[in-house]
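Written below as structure tokens is the structure these notes are about.
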Amino acid sequence: MEQRNNVTEFVLLGLTQSRQGQKILFAVFLPIYVVTMAGNLLIVLTVVLSPALNAPMFIFLGYLSLMDVVYTTTVTPKVIKDLLYKKTSISFKACMTQLFAVHLFGGVDIILLVVMAYDRYVAIYKPLHYLATMNQQRCALLLLLTWAGAFVHAAPHVLFVYNLPFCGPNVMDHFICDMYPLLKLACTDTHVVSLTVVANDGAMCVVIFLLLLVSYGVILCSLKNLSQEGRRKALSTCGSHITVVILFFVPCIFIYVRPPSTLPIDKSITLFYTIITPMLNPLIYTLRNTEMKSAIKKLWSRKQN
């Protein structure tokens, strides 16, 4: 415990040490964060205020947008603030908080995509029993399970890292607190802990990614039994879901499904699924979903009047 407390803060090197580069990134990330917040909150408000969007699919979609807001807020504001300073640091406790929050809300996002795939499966395979199957109690239980699963995923990260000895150096070549950069700074052998990261994060990414691909494959194979209009709507919805799945999981798999190590490209990959993907999600869902676009237009025209 005494050895660990020799390090009370970590210095984050960030994305670049160039002042010119930092100014450019600040000018890029600030609008991205604004668009992310505005787009996702617009979806949340539309789902909450539009009576036509009371189906479970839209409730889950609104919840996903809310989680995207919270998830990116655990990272982006600090990244933007750090770009204004030459030396950036984060306290040990704040680092542990960010580590837990990123994996908790990221875990909710990931498991929620499975819930949404299940919802689409029921809607397409059992349309007559859809509302009975996906009732309010079932939806609430599924959302509760996403939080429980995400907590079980996130808690070990903090438990393992908190008890590691950090005696110096304290300079982390990253812009957030994540497992591999932290393990690299520990003053002890972290081989076993690194393997638990692969088993936890890596296995979670791969298993859920494959499960989602299989589930959407089954759904798409069933489209021949639907009408032309039904096929069009199902393809539009599933297409947007699959796009989000690929954008989120491919970078995560690259980071966590490999021998424990840190690579220079890791920062760019992490940047994509923590900052870029939450901005793209509302654009993907609104552009591919006719009901959502119609509800947003009606809500906007109602506000105008």
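Residues in the structure tokens are numbered from 1 in each chain, the chains being A, B, ... in the order shown, and ligands are numbered from 1 in the order shown.
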
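Note that DSSP on the backbone gives strand (DSSP E) to these residues of stretch 65-277 of chain A: Thr88, Ser89, Ile90, Ser91, Val171 and Met172 of chain A.
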
Restricting it to C-alpha atoms, dump the selection as an mmCIF file, in the first residue's frame.
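Dumped everything to result_12.cif:
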data_model
loop_
_atom_site.group_PDB
_atom_site.id
_atom_site.type_symbol
_atom_site.label_atom_id
_atom_site.label_comp_id
_atom_site.auth_asym_id
_atom_site.auth_seq_id
_atom_site.Cartn_x
_atom_site.Cartn_y
_atom_site.Cartn_z
ATOM 1 C CA THR A 88 -1.796 17.282 -18.289
ATOM 2 C CA SER A 89 -2.310 15.016 -15.310
ATOM 3 C CA ILE A 90 -4.990 13.013 -13.555
ATOM 4 C CA SER A 91 -5.076 12.025 -9.892
ATOM 5 C CA VAL A 171 3.964 9.166 -17.335
ATOM 6 C CA MET A 172 1.263 7.403 -19.366
#

What's the 8 Å shell around stretch 105-119 of chain A, counting only C-alpha atoms, without same-chain residues fewer than 5 positions away, as a list in words?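 Listed by chain and then number, they are Pro56, Met57, Phe60, Leu61, Leu64, Met67, Asp68, Val70, Tyr71, Met134, Leu142, Leu143, Thr146, Trp147, Gly149, Ala150, Phe151, His153, Ala154, Ile208, Leu211, Leu212, Ser215, Tyr216, His241 and Val245 of chain A.
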
What does the distance between atom CA of A:Lys267 and atom CA of A:Ile242 come to in Å, to one decimal place?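 Those two atoms sit 24.4 Å apart.
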
May I have all residues of stretch 66-305 of chain A that DSSP, computed from the backbone, assigns to alpha helix (DSSP H), given as a PyMOL selection string? chain A and resi 66-73+76-82+92-125+130-133+136-162+179-185+191-197+203-221+228-256+266-271+277-288+290-304

If we count only C-alpha atoms and set the cut-off at 12 Å, which residues sit around stretch 11-19 of chain A, ignoring sequence neighbours fewer than 4 positions away in its own chain? Please answer as a VMD selection string. chain A and resid 7 23 to 26 29 75 to 76 78 to 92 95 168 to 178 181 to 182 185 264 to 271

Rank A:Thr262, A:Asn6, A:Gln228, A:Thr46 by their smallest atom-to-atom distance to A:Leu299, using only C-alpha atoms, and report the top residue only.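 Looking at the shortest contact to A:Leu299, the residue is A:Thr46.
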
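The closest residue to A:Arg232, picked from A:Ala140, A:Ile59, A:Cys167, A:Leu220 and counting only C-alpha atoms, is A:Leu220.
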